[in-house]
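**Q** A single structure is presented below for examination.
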Amino acid sequence: MKILVLNAGSSSQKSCLYEIVDSSSLPEHPPQPVWEAKVDWSHHQGFAEMEVVTAQGTCLKEEIRTHSRPAVIAYLLDTLWKGETQVIKQLSDINVVGHRVVHGGQEYRESVRITAEVKAAISRLIPLAPAHNPASLEGIESVTNVLPQVPQVAVFDTAFHSQMPQASALYAGPYEWFEQGIRRYGFHGISHQYCAQRTAQILGRDLNTLKLITCHLGNGCSLAAIQHGHSIDTTMGFTPLDGLMMGSRSGSVDPGILIHLLRQENYTAAQLDQVLNQASGLKGISGISSDMRQVSEAAAKGSQRARLALDMYIHRLQAGIGSMLAGLKGLDVLVFTAGVGENSAWVRASACEAFEFLGLKLDPRKNQQSPADQDIAAVDSSIRVVVVHTQEDWAIAQECWKLMQLS
Ligand code: ADP
């Protein structure tokens, strides 16, 4: 089975093609995609930078004179069956196309086959994800134009959190907020779910019997508390701005600060949006970068503000883990994933230090090596600590495979 995955960002488009040789079962370990493409049009006005890599080792780098997503997708799809990056004979060889859709609202608790009704729902939810849901819809339409007969599947970033108990999901404003759809939705769900399932597999345990906290620490950061295989609490909320301190996003702040800025400093909604999403977090405090590597380097060279940014990042991370622990009333596994979680031994060690009193002990040598998909806790630790290389695209492909089995 050939599964194409499309992951639409606000000014980027990622895509990959998986080939499942034995269509009757999924491989035990995540396979390498046979073709992978990344397009970014945030750097060079009017141009899109494209990179396509195949499992055979062919690499194509090009700059295309467009930033229209449909044009970019049409170009990408051509590289699947034409030229040196060709991996299939014709586009109709593709059996199913999976899309990452950021917001599925309260309706979508699972992945679904895309129908006119599903598209209408994704469109209706645009006000809740103004940068992302339109991009997913464009991706869906672009594929429909080229491959009208091929089934498409929507995999939602919110779905994994959709069974959170109301006590975690509601904000303590008026109850009418909840009735209007203002509630905690949570994001990074595809990654949290994948990491939870992969962790259970790595440890040889049944996911339903485990209490886990998954720490997705990339440019965006969030935690999920997972019990019986479902998210029961998470740090991101109505939008992906809530919770932990992130690369350039503030995470939770006292909402009174926003009232103050509106009243005393005459901020507009657009200015608040810009400052909270792009000029805060590691970048806002350090004044250097939103990138953890650069902030760590600056701190090592003596920058006081970079040091402060790191201290705050860890403080908020530890506090977040503590709050998830209380909700779970216990913990079997702490999981680290995404750019920072997978690569920064220092962040993992610092986060874990606060929980040594519970008997959590890292194996310092294993932690230092940042091994993907391995348990890095000491043998006698009361809580396992696992690093998982998150593979959202593979998670989407798995969902496509499962839905195709049902049809
Ligand atoms: P995104 O959320 O955009 O998918 P990633 O998951 O790739 O982002 O994470 C990006 C973050 O990971 C950046 O802050 C980057 O500095 C950090 N990162 C990547 N490699 C390392 C490393 N070796 N040590 C520390 N941080 C790292």
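If you're wondering about the labels, chains in the structure tokens are A, B, ... by order shown, residues count from 1 in each chain, ligands from 1 in order shown.
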Write out as a list in words each polymer residue (protein, DNA or RNA) that has an atom no more than 8 Å from ligand 1, with only C-alpha atoms and all ligand atoms counted.

**A**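 Going residue by residue within 8 Å of ligand 1, we get His216, Leu217, Gly218, Asn219, Gly220, Cys221, Gly247, Ser290, Asp291, Met292, Arg293, Gln294, Ser296, Thr337, Ala338, Gly339, Val340, Gly341, Glu342, Asn343, Ser344 and Ala345 of chain A.
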
**Q** Per DSSP on the backbone, filter region 85-282 of chain A down to the residues in strand (DSSP E) and report them as a ChimeraX atom specification.

**A** /A:96-101,112-113,152-156,211-217,221-227,230-234

**Q** For region 95-102 of chain A, work out the shell of residues within 7 Å, counting only C-alpha atoms and skipping chain neighbours fewer than 2 positions away, then give it as a VMD selection string.

**A** chain A and resid 1 to 7 93 104 132 to 133 136 150 to 158 396 to 397 400

**Q** Tell me which protein, DNA and RNA residues are within 7 Å of Lys38 (chain A), counting only C-alpha atoms, leaving out same-chain ones fewer than 4 positions away, and put them as a list in words.

**A**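 Close residues of Lys38 (chain A): Gln13, Lys14, Ser15, Met50, Glu51 and Val52 of chain A.
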
**Q** Atoms to include: N, CA, C and O atoms. Write the selected residues as a PDB file, in the first residue's frame.

**A**
```pdb
ATOM      1  N   GLN A  13       5.197  23.317   3.599  1.00  0.00           N
ATOM      2  CA  GLN A  13       4.452  22.121   3.210  1.00  0.00           C
ATOM      3  C   GLN A  13       5.424  20.945   3.289  1.00  0.00           C
ATOM      4  O   GLN A  13       6.463  20.963   2.640  1.00  0.00           O
ATOM      5  N   LYS A  14       5.111  19.996   4.154  1.00  0.00           N
ATOM      6  CA  LYS A  14       5.936  18.789   4.207  1.00  0.00           C
ATOM      7  C   LYS A  14       5.099  17.644   3.663  1.00  0.00           C
ATOM      8  O   LYS A  14       3.869  17.654   3.784  1.00  0.00           O
ATOM      9  N   SER A  15       5.787  16.659   3.117  1.00  0.00           N
ATOM     10  CA  SER A  15       5.052  15.538   2.556  1.00  0.00           C
ATOM     11  C   SER A  15       5.963  14.321   2.518  1.00  0.00           C
ATOM     12  O   SER A  15       7.188  14.471   2.409  1.00  0.00           O
ATOM     13  N   MET A  50      12.483  24.216  -2.110  1.00  0.00           N
ATOM     14  CA  MET A  50      11.998  22.840  -2.073  1.00  0.00           C
ATOM     15  C   MET A  50      13.168  21.861  -1.955  1.00  0.00           C
ATOM     16  O   MET A  50      14.217  22.066  -2.572  1.00  0.00           O
ATOM     17  N   GLU A  51      12.981  20.850  -1.130  1.00  0.00           N
ATOM     18  CA  GLU A  51      14.000  19.791  -1.030  1.00  0.00           C
ATOM     19  C   GLU A  51      13.278  18.441  -1.052  1.00  0.00           C
ATOM     20  O   GLU A  51      12.364  18.209  -0.264  1.00  0.00           O
ATOM     21  N   VAL A  52      13.686  17.585  -1.984  1.00  0.00           N
ATOM     22  CA  VAL A  52      13.083  16.254  -2.074  1.00  0.00           C
ATOM     23  C   VAL A  52      14.199  15.225  -1.896  1.00  0.00           C
ATOM     24  O   VAL A  52      15.264  15.340  -2.504  1.00  0.00           O
TER      25      VAL A  52
END
```

**Q** Please provide the set of residues having any atom within 7 Å of Met164 (chain A), restricted to only C-alpha atoms, with same-chain residues fewer than 4 positions apart removed, written as number ranges by chain.

**A** A: 168-169, 231-233

**Q** Write out, as an mmCIF file, in the first residue's frame, the residues just selected, with C-alpha atoms.

**A**
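Heads up, here's the output in again-v3.cif:
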```
data_model
loop_
_atom_site.group_PDB
_atom_site.id
_atom_site.type_symbol
_atom_site.label_atom_id
_atom_site.label_comp_id
_atom_site.auth_asym_id
_atom_site.auth_seq_id
_atom_site.Cartn_x
_atom_site.Cartn_y
_atom_site.Cartn_z
ATOM 1 C CA SER A 168 -9.346 19.632 32.780
ATOM 2 C CA ALA A 169 -11.020 20.946 29.646
ATOM 3 C CA SER A 231 -4.942 12.228 27.212
ATOM 4 C CA ILE A 232 -6.559 13.315 30.471
ATOM 5 C CA ASP A 233 -4.827 16.675 30.681
#
```
